[in-house]
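Below is one structure, written out as C-alpha cells; comments come after it.
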Amino acid sequence: MSIIYNEKEKIFHLKTPETSYVIGIYEGKLPMHLYYGKRLDSSFSFKDLFEANGDNGWGQGSMSADFENKIQLSGVPIECPSMGDGDVRPAMFQAKYEDGSILSKLWYTGHKIYKGKPEIPGLPATYVESDDEADTLELYLEDSFQDIKVVLYYTAFSKMDVITRSMRVINGNKGVVRLTAALSGCLDFNNKNYDLMHFYGAWARERYMERKPLFIGNQSVESLLGASGHHQNPFICLAEHGATEDRGRVYGVNLVYSGNFVSGAYVDPYHRTRLYIGINPTNFEWKLECGEEFFTPECVFVYSDEGIGKMSRTFHRLIRDRLARGKFRGEERPILINNWEATTFDFDEEKIVSIAKKAADVGVDMMVLDDGWFGVRNDDTTSLGDWFVNRDKLPNGLDGLAKRVNDMGMKFGLWLEPEMVSPESKLYKEHPDWCLHVQGRSRGLARSQLILDYSRKDVRDYIIKVLSDIFDNANIEYIKWDMNRNMGEIGSMLLPADRQGETAHRYMLGLYSVLEEIKKKYPDMLMEGCSAGGGRFDMGMFHYFDQFWTSDESEAMARIQIQNGTSYCYPTITMGAHVSKVPNGVGRVTSMELRGYVSLAGQFGYELDLNQLNDADIEEVKRQIALCKQYRKVFNNGDMYRIMSPENTSFMAWQFISEDKETVIVELFTMKALRYPPAEIIRLKDLESSSLYRDKETGREYSGEFLMNVGFSREPNVEYGCEMLILEKV
Ligand code: GLA
C-alpha cells in the first residue's frame with residue numbers, strides 16, 4: 001500500500017517512489033496539509049509536522065471558535081480551504097446558500113483507502129491499467145449545517161512520483177446551493193523561497209517560460225477564453241530559488257482540463273504560500289439542486305528534489321503512458337505532409353495529388369488535406385458548419401482523393417473545425433441559435449466565425465452525425481481537429497437564467513463527450529488537436545488527441561524556443577512539428593538540415609510542397625525521413641534533457657536517451673553566433689559511467705563518465721548552426 005493511515009496520529013501518509021504527501025486531521029475535524037516533498041521513511045508525529053509549519057497562531061482572520069480559539073484558520077495549512085470561516089487566502093470551495101450566507105465549514109467525517117484509481121465522470125483524467133499501479137484515498141468532509149458533503153480524492157502512483165487530486169461536491173436536502181468556486185487542489189507551504197515558473201504566449205509564440213520570485217500577495221495565471229488558450233498555460237511550477245535543471249526542489253502542478261482555469265500562488269505577510277489550481281471561479285457559477293453533485297477536473301502534482309528536468313520527465317512519462325489512450329499511445333506515428341502552408345485555400349485535386357506524389361516518392365507516410373475542402377470556402381470568411389465537399393475543387397469527393405492517395409501507398413488525413421460556424425453558412429441560416437451568444441446582444445466575430453454551443457445535446461448529436469458521415473464514406477486515417485477562436489459573449493439559449501454561469505464548463509463537458517464518442521467509434525483514426533496552433537495545449541486534450549499542433553510558427557529558430565518551453569511539461573510525442581519553406585516567419589532563411597532537426601524533436605512532418613525544393617534539399621529530406629524512421633522512438637519515447645539553453649549559453653541543446661538506454665542523441669542549435677567566440681562545453685546527462693558510447697558518424701568511442709564530466713567543446717560560430725550527435729552504446 002502506498003497510502004498508510006496512522007489511526008493514533010490521525011495521519012494519512014501518501015507515498016510515491018521518492019515523495020511523501022502527508023495529511024493530518026486536526027482535532028478529529030480539520031484536514032491539514034502537513035508535508036509534501038522528499039519521501040520520509042522514518043516515523044514522525046502529527047505534532048512534529050504541525051510545529052514544523054511555523055507559528056500557526058498568526059494570520060489575518062479571527063481565532064477559530066470551532067477549535068477553542070487555539071488556531072486561526074488563516075494561519076494553518078489546510079487541505080480543502082473554504083470561504084467564510086476565517087481563512088482569507090484563496091479558497092478551494094465557495095458556495096452561496098439559500099439563507100444568503102457564504103460560510104462553509106468542512107469537517108472530516110471519515111475516509112476510504114483502496115487500490116487503483118477511479119475515473120471522473122465526464123472528465124478526462126490520468127488512469128491506471130492495474131490496481132497495483134496506485135492507491136487512492138477518499139476523504140469525506142461535511143458541512144452538516146448546510147447539508148453539504150465533499151469528497152476529496154487523492155491518488156498516489158506507485159511507480160511514478162505523481163499525486164493527483166480532485167473534488168466532488170454533493171448537495172443534500174436542505175436547499176439549492178450555488179457553487180461559486182470549486183478548485184481541484186491546493187498546497188500550503190510554510191515559506192516563500194520559490195520562483196514561480198509559468199508559460200505564456202500568443203499566436204505563433206506559445207509557451208515562453210517566465211520565472212519570477214514569489215512576492216507577497218496573490219499571483220496567478222489564468223484563462224477566461226473558454227479554452228486553456230495561447231496566453232497562459234495551466235501548468236506552473238514552484239522552483240526553489242537557484243534550482244536548475246539538475247538541482248533543487250521543484251513542485252510542478254497542472255490541470256487535466258481545457259477550459260477556463262486559474263493556477264496561482266498566494267503569499268501572506270508571514271511568507272506562507274498557498275499554491276492553488278482549478279476551474280477559474282471568475283464567470284463561473286454552478287447550481288446544485290437537492291441531491292445533485294459536481295465533479296472538479298483532476299490536478300496533478302509532481303515533486304522533484306533533483307531540479308526541473310526530473311520534474312519534466314515525470315510529467316512526460318505520465319502524459320505519454322497514463323493520460324494518452326488508444327492504439328497510438330506510445331506508438332510510432334506516420335510522417336505526414338500537410339498542404340496548408342503550401343497552398344492555403346488555393347488548391348484542387350490535381351494540386352493535392354501532385355504534392356502527395358512527390359511526398360510518396362521520398363517516403364512520407366500520409367497526406368493531410370487542410371482547410372478549404374468544404375462548402376464554398378476559398379478564404380476564412382465562410383462555410384464552417386457546411387461539412388460537405390466542394391466538388392469544384394475535389395470533383396471525385398474526399399473518397400476519390402483518398403483513393404488516389406492510398407494508391408500511392410500513403411494514408412489520407414483531413415482537417416476539420418467542428419466546434420465552429422461561419423455566419424456565412426447554410427448551417428447558420430438554418431440554426432442561428434446554435435452558437436454561443438447572449439440573447440438580445442450582438443455576436444462578435446473572430447476570424448469571421450462563431451462558436452457552436454456544445455453545451456446543447458442537439459448540437460452535439462448533429463456534429464457527431466456529420467462527422468460520422470464523412471469518416472464512414474472515405475478512408476480517413478487521421479484528423480486535425482482545429483479550433484480557431486476563443487469565447488467572447490458566453491451564453492447558451494437552452495440554459496435557464498440561473499444556469500448561464502455554467503455555460504463555459506458545460507461546453508467543455510460537451511466537447512469531451514463528443515471527442516470520447518469519436519475516439520471510441522473510430523479507434524484506428526489518429527487524432528491531432530490544433531487551436532490556431534497551440535492554443536489548447538493542455539492535459540485535458542491529451543486524453544483524446546494523440547498529438548497537438550504545437551504552433552503556427554513553423555520557422556525553425558522561433559520553433560526551437562516554442563518546443564523548448566512546451567517541453568517543461570509536455571513530451572515530444574505530443575508536439576506536431578513540421579519542416580516548412582524558407583524564408584518563413586519573420587523572413588529568416590535557415591538550412592533544410594536545421595529545420596529537419598527541430599521537427600525531429602517532435603511529431604515529424606512537412607508543411608510545404610516538396611516539388612518546389614532543389615535536388616540537394618530533396619536528398620536532405622530523404623535523409624531526415626530515414627533518421628525519423630530509425631530514431632523516432634528515441635526522440636518520442638525516451639527521456640529528454642534540456643542540457644543547454646540560450647539563457648546562459650550560446651546554444652540550445654537537447655539530449656534524448658532511448659528507453660532501453662542504448663541510444664543517445666544530442667541536438668545542438670546555435671542561438672547566438674559570433675565570429676571568434678569562446679568555446680562552450682557540452683556535458684551529457686544520466687549516462688552509464690562505465691559504458692562505452694560510439695559516435696555513429698566518427699566511430700570514436702567515449703565512456704559515459706567522459707561524456708558526462710569532460711564533455712566536448714563547440715564554438716558557436718555559425719549563424720543558425722545545428723548538429724546532431726548520435727551515440728550508440730557499445
Ligand atoms: C489554423 C491552424 C493552421 C491551419 C489553419 C487553417 O490556423 O493552426 O495549421 O490549419 O487554421 O485555417
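We label chains A, B, ... in the order they appear in the C-alpha cells, count residues from 1 in each chain, and number ligands from 1 in the order shown.
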task: Just the residues within 10 Å of A:Asp305, please, counting only C-alpha atoms, with nothing from its chain fewer than 3 positions along; format it as a PyMOL selection string.
output: chain A and resi 18-19+37-39+239-240+243+246-251+308+310-311
- request: Per DSSP on the backbone, filter stretch 428-576 of chain A down to the residues in helix (DSSP H, G or I) and report them as a ChimeraX atom specification.
  value: /A:428-430,432-434,457-473,497-521,541-543,556-566,572-574
message: Quick one: residues within 8 Å of A:Val368, only C-alpha atoms, excluding same-chain residues fewer than 3 positions away - as number ranges by chain?
response: A: 336-339, 412-415, 478
- prompt: Which protein, DNA or RNA residues have an atom within 9 Å of ligand 1, counting only C-alpha atoms and all ligand atoms, as an NGL selection string?
  reply: :A and (203 or 338 or 340-341 or 344-345 or 370-372 or 379-380 or 415-417 or 480-484 or 530-535 or 549-553)
- request: Would you mind listing what lies within 7 Å of stretch 226-232 of chain A as a list in words, with only C-alpha atoms counted and same-chain residues fewer than 2 positions away left out?
  value: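 The neighbour list is Phe199, Tyr200, Gly201, Ala202, Trp203, Glu206, Val221, Glu222, Ser223, Leu224, Pro234, Ser258, Gly259, Asn260, Phe261, Asn486, Met487, Ala504, Gly534, Gly535, Arg536 and Asp538 of chain A.
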Take the residues just selected and output them with C-alpha atoms as a short mmCIF file (atom, residue, chain, number, x, y, z; two decimals), in the first residue's frame.
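Output below, filename selection-v8.cif:
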data_model
loop_
_atom_site.label_atom_id
_atom_site.label_comp_id
_atom_site.auth_asym_id
_atom_site.auth_seq_id
_atom_site.Cartn_x
_atom_site.Cartn_y
_atom_site.Cartn_z
CA PHE A 199 4.39 29.57 -19.71
CA TYR A 200 2.87 32.50 -21.59
CA GLY A 201 2.43 33.40 -25.21
CA ALA A 202 0.32 34.42 -28.12
CA TRP A 203 -0.43 33.15 -31.59
CA GLU A 206 3.33 29.82 -27.45
CA VAL A 221 -2.06 32.86 -14.44
CA GLU A 222 -5.46 32.16 -15.84
CA SER A 223 -7.80 31.94 -18.77
CA LEU A 224 -11.27 33.33 -19.38
CA PRO A 234 -2.44 25.86 -16.70
CA SER A 258 -9.03 22.55 -21.38
CA GLY A 259 -11.31 25.43 -20.39
CA ASN A 260 -11.14 28.48 -18.11
CA PHE A 261 -8.56 27.84 -15.42
CA ASN A 486 -11.97 31.84 -28.25
CA MET A 487 -15.20 32.60 -26.45
CA ALA A 504 -18.36 27.56 -20.35
CA GLY A 534 -1.01 25.57 -29.84
CA GLY A 535 -3.87 27.47 -28.21
CA ARG A 536 -5.33 24.49 -26.34
CA ASP A 538 -3.17 21.09 -22.12
#
query: Near A:Glu517, within 12 Å and counting only C-alpha atoms, which residues show up once chain neighbours fewer than 4 positions away are dropped, as a list in words?
result: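 The residues satisfying every condition are Gly122, Arg460, Asp461, Ile463, Ile464, Lys465, Leu467, Ser468, Gly510, Leu511, Tyr512, Ser513, Lys521, Tyr522, Pro523 and Tyr544 of chain A.
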Next, the residues of the selection above should be written as a PDB file, in the first residue's frame with C-alpha atoms.
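Saved to result_25.pdb:
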ATOM      1  CA  GLY A 122     -17.459  13.126 -17.940  1.00  0.00           C
ATOM      2  CA  ARG A 460     -23.509  17.638 -30.310  1.00  0.00           C
ATOM      3  CA  ASP A 461     -25.687  14.927 -31.886  1.00  0.00           C
ATOM      4  CA  ILE A 463     -21.912  17.179 -35.195  1.00  0.00           C
ATOM      5  CA  ILE A 464     -21.327  13.513 -34.392  1.00  0.00           C
ATOM      6  CA  LYS A 465     -23.648  12.551 -37.239  1.00  0.00           C
ATOM      7  CA  LEU A 467     -18.502  13.713 -38.796  1.00  0.00           C
ATOM      8  CA  SER A 468     -19.545  10.060 -38.903  1.00  0.00           C
ATOM      9  CA  GLY A 510     -19.983  18.605 -24.144  1.00  0.00           C
ATOM     10  CA  LEU A 511     -16.757  18.786 -26.132  1.00  0.00           C
ATOM     11  CA  TYR A 512     -15.199  15.972 -24.098  1.00  0.00           C
ATOM     12  CA  SER A 513     -18.275  13.794 -24.681  1.00  0.00           C
ATOM     13  CA  LYS A 521     -16.194   4.932 -32.762  1.00  0.00           C
ATOM     14  CA  TYR A 522     -13.009   5.381 -34.824  1.00  0.00           C
ATOM     15  CA  PRO A 523     -10.250   3.771 -32.726  1.00  0.00           C
ATOM     16  CA  TYR A 544      -8.368  12.401 -26.574  1.00  0.00           C
TER      17      TYR A 544
END
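Pairwise distance (atom CA of A:Pro90, atom CA of A:Arg506) equals 24.0 Å.
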query: Near A:Tyr676, counting only C-alpha atoms, which residues have an atom at most 10 Å away, once you skip same-chain residues fewer than 6 positions from it, shown as a PyMOL selection string?
result: chain A and resi 715-717
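Between atom CA of A:Gln563 and atom CA of A:Glu697 the separation is 26.3 Å.
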field: Near-A:Asp392 list (12 Å; only C-alpha atoms; drop same-chain fewer than 3 positions) as a PyMOL selection string
entry: chain A and resi 346-350+372-378+388-389+395-397
message: Among stretch 372-586 of chain A, which ones does DSSP assign to strand (DSSP E) (computed from the backbone)? Answer as a list of chain:residue names.
response: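 Matching residues for strand (DSSP E) in stretch 372-586 of chain A are A:Lys411, A:Phe412, A:Gly413, A:Leu414, A:Trp415, A:Leu416, A:Met420, A:Val421, A:Leu450, A:Ile451, A:Tyr478, A:Ile479, A:Lys480, A:Trp481, A:Leu526, A:Met527, A:Glu528, A:Gly529, A:Gln547, A:Phe548, A:Trp549, A:Met575, A:Gly576, A:Ala577, A:His578, A:Val579, A:Ser580.
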Dump N, CA and C atoms for the selected residues as a short mmCIF file (atom, residue, chain, number, x, y, z; two decimals), in the first residue's frame?
data_model
loop_
_atom_site.label_atom_id
_atom_site.label_comp_id
_atom_site.auth_asym_id
_atom_site.auth_seq_id
_atom_site.Cartn_x
_atom_site.Cartn_y
_atom_site.Cartn_z
N LYS A 411 -1.32 7.08 -46.55
CA LYS A 411 -2.59 7.27 -45.85
C LYS A 411 -3.12 8.66 -46.18
N PHE A 412 -4.42 8.86 -45.87
CA PHE A 412 -5.03 10.17 -46.14
C PHE A 412 -5.61 10.73 -44.84
N GLY A 413 -5.35 12.02 -44.58
CA GLY A 413 -5.87 12.66 -43.37
C GLY A 413 -6.59 13.96 -43.71
N LEU A 414 -7.41 14.44 -42.79
CA LEU A 414 -8.29 15.57 -43.09
C LEU A 414 -8.37 16.57 -41.95
N TRP A 415 -8.40 17.87 -42.31
CA TRP A 415 -8.60 18.98 -41.35
C TRP A 415 -10.09 19.22 -41.16
N LEU A 416 -10.47 19.53 -39.95
CA LEU A 416 -11.87 19.89 -39.64
C LEU A 416 -11.87 20.92 -38.52
N MET A 420 -17.08 25.09 -34.76
CA MET A 420 -17.31 26.45 -35.25
C MET A 420 -18.42 26.52 -36.30
N VAL A 421 -18.94 27.74 -36.47
CA VAL A 421 -19.88 28.00 -37.55
C VAL A 421 -19.60 29.40 -38.11
N LEU A 450 -18.24 32.08 -35.43
CA LEU A 450 -18.87 31.96 -34.11
C LEU A 450 -18.64 30.53 -33.61
N ILE A 451 -18.94 30.33 -32.32
CA ILE A 451 -18.68 29.01 -31.72
C ILE A 451 -20.00 28.27 -31.54
N TYR A 478 -6.68 9.87 -40.30
CA TYR A 478 -6.15 10.89 -39.38
C TYR A 478 -7.06 12.10 -39.48
N ILE A 479 -7.29 12.78 -38.36
CA ILE A 479 -7.93 14.10 -38.45
C ILE A 479 -7.11 15.13 -37.69
N LYS A 480 -7.18 16.36 -38.20
CA LYS A 480 -6.62 17.51 -37.48
C LYS A 480 -7.84 18.31 -37.03
N TRP A 481 -8.15 18.26 -35.74
CA TRP A 481 -9.35 18.91 -35.17
C TRP A 481 -8.95 20.29 -34.70
N LEU A 526 -5.98 8.30 -36.22
CA LEU A 526 -5.05 9.12 -35.43
C LEU A 526 -5.68 10.51 -35.28
N MET A 527 -5.69 11.05 -34.06
CA MET A 527 -6.33 12.35 -33.85
C MET A 527 -5.31 13.39 -33.39
N GLU A 528 -5.20 14.46 -34.19
CA GLU A 528 -4.32 15.58 -33.80
C GLU A 528 -5.20 16.78 -33.46
N GLY A 529 -4.92 17.42 -32.35
CA GLY A 529 -5.64 18.64 -31.99
C GLY A 529 -4.89 19.85 -32.51
N GLN A 547 -1.79 13.77 -30.54
CA GLN A 547 -0.77 14.81 -30.70
C GLN A 547 -1.47 16.13 -30.93
N PHE A 548 -0.71 17.24 -30.87
CA PHE A 548 -1.32 18.57 -31.00
C PHE A 548 -0.37 19.44 -31.82
N TRP A 549 -0.94 20.24 -32.71
CA TRP A 549 -0.11 21.15 -33.50
C TRP A 549 0.45 22.21 -32.54
N MET A 575 3.99 16.76 -29.62
CA MET A 575 4.21 18.05 -30.32
C MET A 575 4.30 17.93 -31.83
N GLY A 576 3.23 18.23 -32.54
CA GLY A 576 3.30 18.29 -34.01
C GLY A 576 4.37 19.29 -34.42
N ALA A 577 5.29 18.87 -35.32
CA ALA A 577 6.44 19.72 -35.67
C ALA A 577 6.81 19.45 -37.13
N HIS A 578 6.58 20.43 -38.00
CA HIS A 578 6.78 20.20 -39.43
C HIS A 578 7.85 21.11 -40.03
N VAL A 579 8.55 20.56 -40.99
CA VAL A 579 9.51 21.35 -41.77
C VAL A 579 8.72 22.22 -42.75
N SER A 580 9.03 23.54 -42.76
CA SER A 580 8.33 24.41 -43.72
C SER A 580 9.34 25.14 -44.59
#
field: Separation of atom CA of A:Lys581 from atom CA of A:Lys358, in Å and rounded to one decimal
entry: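 Value for the atom CA of A:Lys581-atom CA of A:Lys358 distance: 15.4 Å.
Remark: for A:Glu98, the closest of the candidate residues A:Glu289, A:Glu27, A:Glu489, A:Asp55 is A:Glu289 (distances computed over only C-alpha atoms).
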query: Smallest atom-to-atom distance to A:Met367: which of A:Asp321, A:Glu298, A:Glu607, A:Glu424, using only C-alpha atoms?
result: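 For A:Met367, the nearest of the given residues is A:Glu607.
For the residues A:Gly501, A:Gly565, A:Gly75, A:Gly721, ranking by smallest atom-to-atom distance to A:Lys672 using only C-alpha atoms places A:Gly721 first.
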query: Counting only C-alpha atoms, which of A:Glu719, A:Asp524, A:Asp143, A:Asp498 gets nearest to A:Met557?
result: A:Glu719
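Minimum atom-to-atom distances from A:Ser158, A:Asp546, A:Val438, A:Asp469 to A:Pro496 were compared using only C-alpha atoms, and the lowest value belongs to A:Val438.
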Shortest interatomic distance to A:Phe44 - which of A:Ala204, A:Met671, A:Ile562, A:Ile11, counting only C-alpha atoms: A:Ile11
